Amino acid sequence: QVLLVESGGGSVQAGGSLRLSCAASGYLYKTNTNCMGWFRQAPGKEREGVAAMYTGSGSTRYADSVKGRFTISQDNAKNTLYLQMNSLKPEDTGMYYCATVSGGRTAIQALAVYEYNYWGQGTQVTVSS
């Protein structure tokens with residue numbers, strides 16, 4: 001199994017920064033995770049992919065709306081995935097989730113919700129104007 005615990009959310013003003021963390025654990029995470037990603041969901045909207053990283057190559061993908069502002073990274077020694085968010089905008093408000101593609105699956109569309117089979121509980125990000 002894979003256990004994912006997000007932290008680092010909060011309330012900031014537009015233009016501010018936050019760094020989200022996702023602590024990962026579990027046998028499947030350590031032995032068979034192909035891709036990790038960050039997703040967000042605003043009230044009344046569908047969950048959307050924000051950033052993703054293929055764990056083997058380190059290759060990254062970003063949604064157009066966050067390119068140049070958000071950076072995904074991982075610390076393998078700490079089994080932690082990060083999302084550095086700069087120049088935050090009110091439209092970045094939402095619940096942010098960490099997720100993995102684990103257990104022998106391979107992500108083709110790294111920002112697609114349906115690709116991911118393990119999810120954290122989420123951390124709230126609120127950006128005020």
# chains A, B, ... in the order shown; residues from 1 in each chain; ligands from 1
$ select_by_dssp --residues "chain A" --states "alpha helix (DSSP H)" --output "number ranges by chain"
A: 27-31
$ write_last_selection --atoms "N, CA, C and O atoms" --output "PDB file, in the first residue's frame"
ATOM      1  N   TYR A  27       5.044  -0.070   1.304  1.00  0.00           N
ATOM      2  CA  TYR A  27       5.853  -0.982   0.495  1.00  0.00           C
ATOM      3  C   TYR A  27       5.754  -0.670  -0.987  1.00  0.00           C
ATOM      4  O   TYR A  27       6.751  -0.610  -1.696  1.00  0.00           O
ATOM      5  N   LEU A  28       4.541  -0.428  -1.463  1.00  0.00           N
ATOM      6  CA  LEU A  28       4.378  -0.174  -2.888  1.00  0.00           C
ATOM      7  C   LEU A  28       5.025   1.140  -3.300  1.00  0.00           C
ATOM      8  O   LEU A  28       5.554   1.259  -4.405  1.00  0.00           O
ATOM      9  N   TYR A  29       5.010   2.120  -2.406  1.00  0.00           N
ATOM     10  CA  TYR A  29       5.621   3.395  -2.739  1.00  0.00           C
ATOM     11  C   TYR A  29       7.112   3.213  -2.958  1.00  0.00           C
ATOM     12  O   TYR A  29       7.696   3.714  -3.922  1.00  0.00           O
ATOM     13  N   LYS A  30       7.736   2.473  -2.081  1.00  0.00           N
ATOM     14  CA  LYS A  30       9.190   2.337  -2.143  1.00  0.00           C
ATOM     15  C   LYS A  30       9.638   1.452  -3.292  1.00  0.00           C
ATOM     16  O   LYS A  30      10.740   1.604  -3.803  1.00  0.00           O
ATOM     17  N   THR A  31       8.806   0.503  -3.668  1.00  0.00           N
ATOM     18  CA  THR A  31       9.262  -0.488  -4.641  1.00  0.00           C
ATOM     19  C   THR A  31       8.669  -0.327  -6.036  1.00  0.00           C
ATOM     20  O   THR A  31       9.241  -0.830  -6.997  1.00  0.00           O
TER      21      THR A  31
END
$ residues_around --residues "range 24-26 of chain A" --least-positions-apart "4" --cutoff "9 Å" --atoms "only C-alpha atoms" --output "ChimeraX atom specification"
/A:1-6,30-31,78-81
$ write_last_selection --atoms "all heavy atoms" --output "mmCIF file, in the first residue's frame"
data_model
loop_
_atom_site.group_PDB
_atom_site.id
_atom_site.type_symbol
_atom_site.label_atom_id
_atom_site.label_comp_id
_atom_site.auth_asym_id
_atom_site.auth_seq_id
_atom_site.Cartn_x
_atom_site.Cartn_y
_atom_site.Cartn_z
ATOM 1 N N GLN A 1 0.825 -1.191 0.000
ATOM 2 C CA GLN A 1 0.000 0.000 0.000
ATOM 3 C C GLN A 1 0.864 1.247 0.000
ATOM 4 O O GLN A 1 2.075 1.173 0.140
ATOM 5 C CB GLN A 1 -0.923 0.004 1.216
ATOM 6 C CG GLN A 1 -1.905 -1.157 1.232
ATOM 7 C CD GLN A 1 -2.838 -1.146 0.052
ATOM 8 O OE1 GLN A 1 -3.410 -0.122 -0.302
ATOM 9 N NE2 GLN A 1 -2.986 -2.297 -0.596
ATOM 10 N N VAL A 2 0.225 2.372 -0.189
ATOM 11 C CA VAL A 2 0.901 3.662 -0.180
ATOM 12 C C VAL A 2 0.134 4.602 0.732
ATOM 13 O O VAL A 2 -1.084 4.736 0.612
ATOM 14 C CB VAL A 2 0.970 4.262 -1.594
ATOM 15 C CG1 VAL A 2 1.618 5.639 -1.555
ATOM 16 C CG2 VAL A 2 1.734 3.339 -2.537
ATOM 17 N N LEU A 3 0.832 5.236 1.649
ATOM 18 C CA LEU A 3 0.235 6.236 2.531
ATOM 19 C C LEU A 3 0.832 7.589 2.194
ATOM 20 O O LEU A 3 2.057 7.735 2.150
ATOM 21 C CB LEU A 3 0.499 5.894 3.989
ATOM 22 C CG LEU A 3 -0.031 6.895 5.028
ATOM 23 C CD1 LEU A 3 -1.553 6.979 4.944
ATOM 24 C CD2 LEU A 3 0.417 6.503 6.420
ATOM 25 N N LEU A 4 -0.024 8.563 1.954
ATOM 26 C CA LEU A 4 0.414 9.906 1.572
ATOM 27 C C LEU A 4 -0.192 10.914 2.542
ATOM 28 O O LEU A 4 -1.405 10.919 2.766
ATOM 29 C CB LEU A 4 -0.045 10.216 0.151
ATOM 30 C CG LEU A 4 0.412 9.243 -0.932
ATOM 31 C CD1 LEU A 4 -0.306 9.515 -2.250
ATOM 32 C CD2 LEU A 4 1.913 9.316 -1.122
ATOM 33 N N VAL A 5 0.655 11.773 3.099
ATOM 34 C CA VAL A 5 0.196 12.783 4.049
ATOM 35 C C VAL A 5 0.705 14.147 3.603
ATOM 36 O O VAL A 5 1.916 14.393 3.599
ATOM 37 C CB VAL A 5 0.685 12.471 5.473
ATOM 38 C CG1 VAL A 5 0.181 13.545 6.429
ATOM 39 C CG2 VAL A 5 0.209 11.098 5.911
ATOM 40 N N GLU A 6 -0.235 15.020 3.241
ATOM 41 C CA GLU A 6 0.121 16.361 2.792
ATOM 42 C C GLU A 6 0.184 17.337 3.966
ATOM 43 O O GLU A 6 -0.515 17.161 4.977
ATOM 44 C CB GLU A 6 -0.901 16.904 1.778
ATOM 45 C CG GLU A 6 -1.098 16.052 0.536
ATOM 46 C CD GLU A 6 -2.285 15.117 0.653
ATOM 47 O OE1 GLU A 6 -2.633 14.739 1.799
ATOM 48 O OE2 GLU A 6 -2.856 14.753 -0.389
ATOM 49 N N LYS A 30 7.736 2.473 -2.081
ATOM 50 C CA LYS A 30 9.190 2.337 -2.143
ATOM 51 C C LYS A 30 9.638 1.452 -3.292
ATOM 52 O O LYS A 30 10.740 1.604 -3.803
ATOM 53 C CB LYS A 30 9.712 1.780 -0.820
ATOM 54 C CG LYS A 30 9.526 2.732 0.352
ATOM 55 C CD LYS A 30 10.062 2.127 1.636
ATOM 56 C CE LYS A 30 9.876 3.075 2.808
ATOM 57 N NZ LYS A 30 10.393 2.498 4.075
ATOM 58 N N THR A 31 8.806 0.503 -3.668
ATOM 59 C CA THR A 31 9.262 -0.488 -4.641
ATOM 60 C C THR A 31 8.669 -0.327 -6.036
ATOM 61 O O THR A 31 9.241 -0.830 -6.997
ATOM 62 C CB THR A 31 8.929 -1.913 -4.152
ATOM 63 O OG1 THR A 31 7.507 -2.034 -4.043
ATOM 64 C CG2 THR A 31 9.572 -2.183 -2.814
ATOM 65 N N LYS A 78 14.121 11.543 2.061
ATOM 66 C CA LYS A 78 13.040 11.800 3.017
ATOM 67 C C LYS A 78 11.708 11.238 2.557
ATOM 68 O O LYS A 78 10.696 11.406 3.251
ATOM 69 C CB LYS A 78 12.904 13.306 3.252
ATOM 70 C CG LYS A 78 14.118 13.942 3.908
ATOM 71 C CD LYS A 78 13.886 15.437 4.133
ATOM 72 C CE LYS A 78 15.077 16.066 4.830
ATOM 73 N NZ LYS A 78 14.882 17.514 5.069
ATOM 74 N N ASN A 79 11.695 10.605 1.382
ATOM 75 C CA ASN A 79 10.440 10.082 0.824
ATOM 76 C C ASN A 79 9.367 11.159 0.796
ATOM 77 O O ASN A 79 8.209 10.939 1.200
ATOM 78 C CB ASN A 79 9.944 8.877 1.630
ATOM 79 C CG ASN A 79 10.861 7.690 1.515
ATOM 80 O OD1 ASN A 79 11.493 7.488 0.482
ATOM 81 N ND2 ASN A 79 10.955 6.918 2.584
ATOM 82 N N THR A 80 9.743 12.326 0.347
ATOM 83 C CA THR A 80 8.842 13.467 0.369
ATOM 84 C C THR A 80 8.788 14.144 -0.987
ATOM 85 O O THR A 80 9.818 14.341 -1.636
ATOM 86 C CB THR A 80 9.276 14.485 1.434
ATOM 87 O OG1 THR A 80 9.294 13.842 2.715
ATOM 88 C CG2 THR A 80 8.317 15.656 1.494
ATOM 89 N N LEU A 81 7.578 14.482 -1.382
ATOM 90 C CA LEU A 81 7.335 15.239 -2.611
ATOM 91 C C LEU A 81 6.950 16.659 -2.212
ATOM 92 O O LEU A 81 6.217 16.852 -1.244
ATOM 93 C CB LEU A 81 6.194 14.601 -3.401
ATOM 94 C CG LEU A 81 5.867 15.200 -4.760
ATOM 95 C CD1 LEU A 81 6.956 14.832 -5.774
ATOM 96 C CD2 LEU A 81 4.504 14.708 -5.242
#
$ closest_residue --among "A:Gly68, A:Gly37, A:Gly10, A:Gly49" --to "Ala112 in chain A" --atoms "only C-alpha atoms"
A:Gly49
$ residues_around --residues "Arg61 in chain A" --least-positions-apart "5" --cutoff "9 Å" --atoms "only C-alpha atoms" --output "number ranges by chain"
A: 37, 50-54, 72, 110-111
$ write_last_selection --atoms "N, CA, C and O atoms" --output "short mmCIF file (atom, residue, chain, number, x, y, z; two decimals), in the first residue's frame"
data_model
loop_
_atom_site.label_atom_id
_atom_site.label_comp_id
_atom_site.auth_asym_id
_atom_site.auth_seq_id
_atom_site.Cartn_x
_atom_site.Cartn_y
_atom_site.Cartn_z
N GLY A 37 2.19 13.09 -8.29
CA GLY A 37 1.64 14.35 -8.76
C GLY A 37 0.91 15.13 -7.70
O GLY A 37 0.59 14.61 -6.62
N VAL A 50 -2.04 19.57 -11.43
CA VAL A 50 -1.25 20.79 -11.33
C VAL A 50 0.18 20.54 -11.77
O VAL A 50 0.72 21.26 -12.60
N ALA A 51 0.80 19.50 -11.21
CA ALA A 51 2.19 19.19 -11.53
C ALA A 51 2.42 17.72 -11.26
O ALA A 51 1.79 17.14 -10.38
N ALA A 52 3.34 17.14 -12.01
CA ALA A 52 3.64 15.72 -11.84
C ALA A 52 5.10 15.45 -12.16
O ALA A 52 5.74 16.22 -12.89
N MET A 53 5.59 14.36 -11.59
CA MET A 53 6.98 13.98 -11.82
C MET A 53 7.07 12.48 -12.00
O MET A 53 6.53 11.72 -11.19
N TYR A 54 7.75 12.05 -13.06
CA TYR A 54 8.04 10.64 -13.23
C TYR A 54 9.23 10.31 -12.33
O TYR A 54 10.29 10.92 -12.46
N ILE A 72 7.64 21.36 -8.89
CA ILE A 72 7.53 20.07 -8.19
C ILE A 72 8.92 19.49 -8.02
O ILE A 72 9.77 19.60 -8.92
N ALA A 110 0.32 12.25 -17.35
CA ALA A 110 0.77 12.45 -15.97
C ALA A 110 -0.11 13.41 -15.18
O ALA A 110 -0.08 13.38 -13.96
N LEU A 111 -0.87 14.26 -15.84
CA LEU A 111 -1.73 15.21 -15.14
C LEU A 111 -3.19 14.77 -15.09
O LEU A 111 -4.05 15.53 -14.65
#
$ select_by_dssp --residues "chain A" --states "strand (DSSP E)" --output "NGL selection string"
:A and (3-7 or 10-13 or 18-25 or 33-41 or 48-54 or 60-62 or 70-75 or 80-85 or 94-102 or 118-119 or 123-128)
$ closest_residue --among "A:Cys22, A:Leu88, A:Val125, A:Cys35" --to "Ile108 in chain A" --atoms "only C-alpha atoms"
A:Cys35
$ residues_around --residues "range 93-102 of chain A" --least-positions-apart "3" --cutoff "8 Å" --atoms "only C-alpha atoms" --output "number ranges by chain"
A: 2, 4-6, 22, 28-29, 32-43, 89-90, 105-107, 115-127
$ write_last_selection --atoms "N, CA and C atoms" --output "compact mmCIF listing (two decimals), in the first residue's frame"
# COMPACT_ATOMS: atom_id res chain seq x y z
N VAL A 2 0.23 2.37 -0.19
CA VAL A 2 0.90 3.66 -0.18
C VAL A 2 0.13 4.60 0.73
N LEU A 4 -0.02 8.56 1.95
CA LEU A 4 0.41 9.91 1.57
C LEU A 4 -0.19 10.91 2.54
N VAL A 5 0.66 11.77 3.10
CA VAL A 5 0.20 12.78 4.05
C VAL A 5 0.70 14.15 3.60
N GLU A 6 -0.23 15.02 3.24
CA GLU A 6 0.12 16.36 2.79
C GLU A 6 0.18 17.34 3.97
N CYS A 22 4.50 16.37 0.82
CA CYS A 22 3.75 15.12 0.82
C CYS A 22 4.70 14.03 1.28
N LEU A 28 4.54 -0.43 -1.46
CA LEU A 28 4.38 -0.17 -2.89
C LEU A 28 5.02 1.14 -3.30
N TYR A 29 5.01 2.12 -2.41
CA TYR A 29 5.62 3.40 -2.74
C TYR A 29 7.11 3.21 -2.96
N ASN A 32 7.55 0.35 -6.15
CA ASN A 32 6.86 0.33 -7.44
C ASN A 32 5.98 1.55 -7.64
N THR A 33 6.60 2.72 -7.67
CA THR A 33 5.87 3.95 -7.97
C THR A 33 6.43 4.57 -9.22
N ASN A 34 5.56 4.78 -10.20
CA ASN A 34 5.98 5.28 -11.50
C ASN A 34 5.94 6.78 -11.60
N CYS A 35 4.94 7.38 -10.93
CA CYS A 35 4.71 8.81 -11.11
C CYS A 35 4.07 9.37 -9.85
N MET A 36 4.41 10.60 -9.52
CA MET A 36 3.78 11.28 -8.39
C MET A 36 3.29 12.64 -8.87
N GLY A 37 2.19 13.09 -8.29
CA GLY A 37 1.64 14.35 -8.76
C GLY A 37 0.91 15.13 -7.70
N TRP A 38 0.69 16.39 -8.01
CA TRP A 38 -0.13 17.27 -7.20
C TRP A 38 -1.38 17.66 -7.99
N PHE A 39 -2.50 17.61 -7.30
CA PHE A 39 -3.77 17.95 -7.91
C PHE A 39 -4.49 18.96 -7.01
N ARG A 40 -5.45 19.66 -7.55
CA ARG A 40 -6.22 20.58 -6.73
C ARG A 40 -7.69 20.54 -7.14
N GLN A 41 -8.51 20.92 -6.18
CA GLN A 41 -9.94 20.95 -6.44
C GLN A 41 -10.54 22.16 -5.74
N ALA A 42 -11.11 23.05 -6.54
CA ALA A 42 -11.80 24.22 -6.00
C ALA A 42 -13.26 23.86 -5.79
N PRO A 43 -13.95 24.55 -4.89
CA PRO A 43 -15.37 24.27 -4.64
C PRO A 43 -16.18 24.33 -5.92
N LYS A 89 -2.13 33.21 -6.95
CA LYS A 89 -3.28 33.98 -7.39
C LYS A 89 -4.55 33.46 -6.70
N PRO A 90 -5.58 34.28 -6.59
CA PRO A 90 -6.82 33.81 -5.97
C PRO A 90 -7.37 32.54 -6.65
N ARG A 105 1.51 0.05 -12.38
CA ARG A 105 0.84 0.86 -13.39
C ARG A 105 1.81 1.90 -13.96
N THR A 106 1.58 2.32 -15.18
CA THR A 106 2.41 3.32 -15.82
C THR A 106 1.53 4.49 -16.27
N ALA A 107 1.88 5.68 -15.84
CA ALA A 107 1.09 6.86 -16.23
C ALA A 107 1.47 7.32 -17.63
N GLU A 115 -5.32 8.46 -13.90
CA GLU A 115 -4.09 7.67 -13.91
C GLU A 115 -3.65 7.24 -12.51
N TYR A 116 -4.08 7.96 -11.49
CA TYR A 116 -3.54 7.80 -10.15
C TYR A 116 -4.41 6.88 -9.29
N ASN A 117 -3.74 6.03 -8.53
CA ASN A 117 -4.49 5.07 -7.73
C ASN A 117 -4.30 5.20 -6.23
N TYR A 118 -3.44 6.10 -5.78
CA TYR A 118 -3.31 6.35 -4.35
C TYR A 118 -3.35 7.86 -4.12
N TRP A 119 -4.11 8.27 -3.10
CA TRP A 119 -4.34 9.68 -2.84
C TRP A 119 -4.19 10.01 -1.37
N GLY A 120 -3.70 11.23 -1.10
CA GLY A 120 -3.68 11.72 0.25
C GLY A 120 -5.01 12.38 0.59
N GLN A 121 -5.10 12.91 1.81
CA GLN A 121 -6.33 13.53 2.29
C GLN A 121 -6.46 14.99 1.89
N GLY A 122 -5.37 15.60 1.49
CA GLY A 122 -5.42 16.97 1.00
C GLY A 122 -5.03 18.01 2.04
N THR A 123 -4.61 19.16 1.55
CA THR A 123 -4.29 20.31 2.38
C THR A 123 -4.86 21.55 1.70
N GLN A 124 -5.49 22.42 2.49
CA GLN A 124 -6.21 23.56 1.93
C GLN A 124 -5.28 24.73 1.67
N VAL A 125 -5.42 25.32 0.49
CA VAL A 125 -4.70 26.53 0.12
C VAL A 125 -5.73 27.61 -0.21
N THR A 126 -5.61 28.75 0.46
CA THR A 126 -6.52 29.87 0.22
C THR A 126 -5.71 31.11 -0.10
N VAL A 127 -5.98 31.69 -1.26
CA VAL A 127 -5.25 32.88 -1.69
C VAL A 127 -6.26 34.02 -1.79
$ atom_distance --atom1 "CA of Gly9 in chain A" --atom2 "CA of Asp92 in chain A"
11.8 Å
$ residues_around --residues "Ser17 in chain A" --least-positions-apart "5" --cutoff "10 Å" --atoms "only C-alpha atoms" --output "PyMOL selection string"
chain A and resi 11-12+69-70+84-89+127
$ write_last_selection --atoms "all heavy atoms" --output "PDB file, in the first residue's frame"
ATOM      1  N   SER A  11      -3.309  30.093   4.402  1.00  0.00           N
ATOM      2  CA  SER A  11      -3.908  31.271   3.771  1.00  0.00           C
ATOM      3  C   SER A  11      -2.840  32.307   3.507  1.00  0.00           C
ATOM      4  O   SER A  11      -2.069  32.644   4.417  1.00  0.00           O
ATOM      5  CB  SER A  11      -4.985  31.853   4.686  1.00  0.00           C
ATOM      6  OG  SER A  11      -6.043  30.942   4.886  1.00  0.00           O
ATOM      7  N   VAL A  12      -2.789  32.796   2.279  1.00  0.00           N
ATOM      8  CA  VAL A  12      -1.814  33.813   1.901  1.00  0.00           C
ATOM      9  C   VAL A  12      -2.492  34.858   1.021  1.00  0.00           C
ATOM     10  O   VAL A  12      -3.554  34.601   0.448  1.00  0.00           O
ATOM     11  CB  VAL A  12      -0.612  33.217   1.138  1.00  0.00           C
ATOM     12  CG1 VAL A  12       0.172  32.269   2.022  1.00  0.00           C
ATOM     13  CG2 VAL A  12      -1.068  32.535  -0.136  1.00  0.00           C
ATOM     14  N   ARG A  69       5.429  29.332 -12.247  1.00  0.00           N
ATOM     15  CA  ARG A  69       5.121  29.754 -10.878  1.00  0.00           C
ATOM     16  C   ARG A  69       5.282  28.617  -9.871  1.00  0.00           C
ATOM     17  O   ARG A  69       5.684  28.849  -8.731  1.00  0.00           O
ATOM     18  CB  ARG A  69       3.694  30.292 -10.786  1.00  0.00           C
ATOM     19  CG  ARG A  69       3.420  31.481 -11.682  1.00  0.00           C
ATOM     20  CD  ARG A  69       2.043  32.092 -11.394  1.00  0.00           C
ATOM     21  NE  ARG A  69       0.950  31.174 -11.653  1.00  0.00           N
ATOM     22  CZ  ARG A  69       0.065  30.804 -10.728  1.00  0.00           C
ATOM     23  NH1 ARG A  69       0.145  31.268  -9.494  1.00  0.00           N
ATOM     24  NH2 ARG A  69      -0.925  29.976 -11.063  1.00  0.00           N
ATOM     25  N   PHE A  70       4.948  27.407 -10.268  1.00  0.00           N
ATOM     26  CA  PHE A  70       5.014  26.243  -9.392  1.00  0.00           C
ATOM     27  C   PHE A  70       6.176  25.344  -9.799  1.00  0.00           C
ATOM     28  O   PHE A  70       6.484  25.221 -11.000  1.00  0.00           O
ATOM     29  CB  PHE A  70       3.730  25.431  -9.466  1.00  0.00           C
ATOM     30  CG  PHE A  70       2.506  26.090  -8.862  1.00  0.00           C
ATOM     31  CD1 PHE A  70       2.505  27.424  -8.501  1.00  0.00           C
ATOM     32  CD2 PHE A  70       1.363  25.348  -8.649  1.00  0.00           C
ATOM     33  CE1 PHE A  70       1.388  28.022  -7.949  1.00  0.00           C
ATOM     34  CE2 PHE A  70       0.230  25.919  -8.100  1.00  0.00           C
ATOM     35  CZ  PHE A  70       0.241  27.271  -7.757  1.00  0.00           C
ATOM     36  N   GLN A  84       6.483  23.768  -4.639  1.00  0.00           N
ATOM     37  CA  GLN A  84       6.771  25.163  -4.323  1.00  0.00           C
ATOM     38  C   GLN A  84       5.857  26.032  -5.177  1.00  0.00           C
ATOM     39  O   GLN A  84       5.883  25.938  -6.412  1.00  0.00           O
ATOM     40  CB  GLN A  84       8.234  25.488  -4.621  1.00  0.00           C
ATOM     41  CG  GLN A  84       8.605  26.943  -4.367  1.00  0.00           C
ATOM     42  CD  GLN A  84       8.528  27.329  -2.908  1.00  0.00           C
ATOM     43  OE1 GLN A  84       8.986  26.598  -2.036  1.00  0.00           O
ATOM     44  NE2 GLN A  84       7.948  28.490  -2.625  1.00  0.00           N
ATOM     45  N   MET A  85       5.071  26.860  -4.520  1.00  0.00           N
ATOM     46  CA  MET A  85       4.103  27.696  -5.225  1.00  0.00           C
ATOM     47  C   MET A  85       4.445  29.161  -4.993  1.00  0.00           C
ATOM     48  O   MET A  85       4.403  29.635  -3.854  1.00  0.00           O
ATOM     49  CB  MET A  85       2.684  27.390  -4.732  1.00  0.00           C
ATOM     50  CG  MET A  85       2.319  25.918  -4.826  1.00  0.00           C
ATOM     51  SD  MET A  85       0.592  25.597  -4.413  1.00  0.00           S
ATOM     52  CE  MET A  85       0.571  26.065  -2.686  1.00  0.00           C
ATOM     53  N   ASN A  86       4.794  29.846  -6.042  1.00  0.00           N
ATOM     54  CA  ASN A  86       5.130  31.265  -5.980  1.00  0.00           C
ATOM     55  C   ASN A  86       4.121  32.089  -6.774  1.00  0.00           C
ATOM     56  O   ASN A  86       3.377  31.550  -7.596  1.00  0.00           O
ATOM     57  CB  ASN A  86       6.538  31.502  -6.536  1.00  0.00           C
ATOM     58  CG  ASN A  86       7.613  30.781  -5.761  1.00  0.00           C
ATOM     59  OD1 ASN A  86       7.510  30.607  -4.547  1.00  0.00           O
ATOM     60  ND2 ASN A  86       8.659  30.372  -6.458  1.00  0.00           N
ATOM     61  N   SER A  87       4.118  33.387  -6.525  1.00  0.00           N
ATOM     62  CA  SER A  87       3.218  34.307  -7.242  1.00  0.00           C
ATOM     63  C   SER A  87       1.784  33.786  -7.239  1.00  0.00           C
ATOM     64  O   SER A  87       1.120  33.731  -8.268  1.00  0.00           O
ATOM     65  CB  SER A  87       3.709  34.506  -8.682  1.00  0.00           C
ATOM     66  OG  SER A  87       5.024  35.011  -8.710  1.00  0.00           O
ATOM     67  N   LEU A  88       1.329  33.407  -6.078  1.00  0.00           N
ATOM     68  CA  LEU A  88       0.009  32.798  -5.968  1.00  0.00           C
ATOM     69  C   LEU A  88      -1.086  33.776  -6.348  1.00  0.00           C
ATOM     70  O   LEU A  88      -0.985  34.991  -6.102  1.00  0.00           O
ATOM     71  CB  LEU A  88      -0.215  32.272  -4.556  1.00  0.00           C
ATOM     72  CG  LEU A  88       0.508  30.949  -4.259  1.00  0.00           C
ATOM     73  CD1 LEU A  88       0.634  30.725  -2.762  1.00  0.00           C
ATOM     74  CD2 LEU A  88      -0.220  29.797  -4.922  1.00  0.00           C
ATOM     75  N   LYS A  89      -2.131  33.209  -6.947  1.00  0.00           N
ATOM     76  CA  LYS A  89      -3.281  33.984  -7.391  1.00  0.00           C
ATOM     77  C   LYS A  89      -4.548  33.461  -6.698  1.00  0.00           C
ATOM     78  O   LYS A  89      -4.587  32.305  -6.286  1.00  0.00           O
ATOM     79  CB  LYS A  89      -3.455  33.838  -8.905  1.00  0.00           C
ATOM     80  CG  LYS A  89      -2.240  34.222  -9.716  1.00  0.00           C
ATOM     81  CD  LYS A  89      -2.460  33.931 -11.192  1.00  0.00           C
ATOM     82  CE  LYS A  89      -1.253  34.304 -12.027  1.00  0.00           C
ATOM     83  NZ  LYS A  89      -1.454  34.022 -13.476  1.00  0.00           N
ATOM     84  N   VAL A 127      -5.978  31.690  -1.260  1.00  0.00           N
ATOM     85  CA  VAL A 127      -5.254  32.883  -1.693  1.00  0.00           C
ATOM     86  C   VAL A 127      -6.257  34.023  -1.790  1.00  0.00           C
ATOM     87  O   VAL A 127      -7.229  33.952  -2.541  1.00  0.00           O
ATOM     88  CB  VAL A 127      -4.569  32.665  -3.046  1.00  0.00           C
ATOM     89  CG1 VAL A 127      -3.735  33.907  -3.414  1.00  0.00           C
ATOM     90  CG2 VAL A 127      -3.687  31.424  -3.019  1.00  0.00           C
TER      91      VAL A 127
END
$ closest_residue --among "A:Tyr114, A:Lys45, A:Ser7, A:Ser73" --to "Ser59 in chain A" --atoms "only C-alpha atoms"
A:Ser73
$ closest_residue --among "A:Gly15, A:Thr55, A:Glu91, A:Leu20" --to "Thr71 in chain A" --atoms "only C-alpha atoms"
A:Leu20
$ atom_distance --atom1 "CA of Asn76 in chain A" --atom2 "CA of Leu18 in chain A"
20.8 Å
$ atom_distance --atom1 "CA of Asp75 in chain A" --atom2 "CA of Arg47 in chain A"
25.3 Å
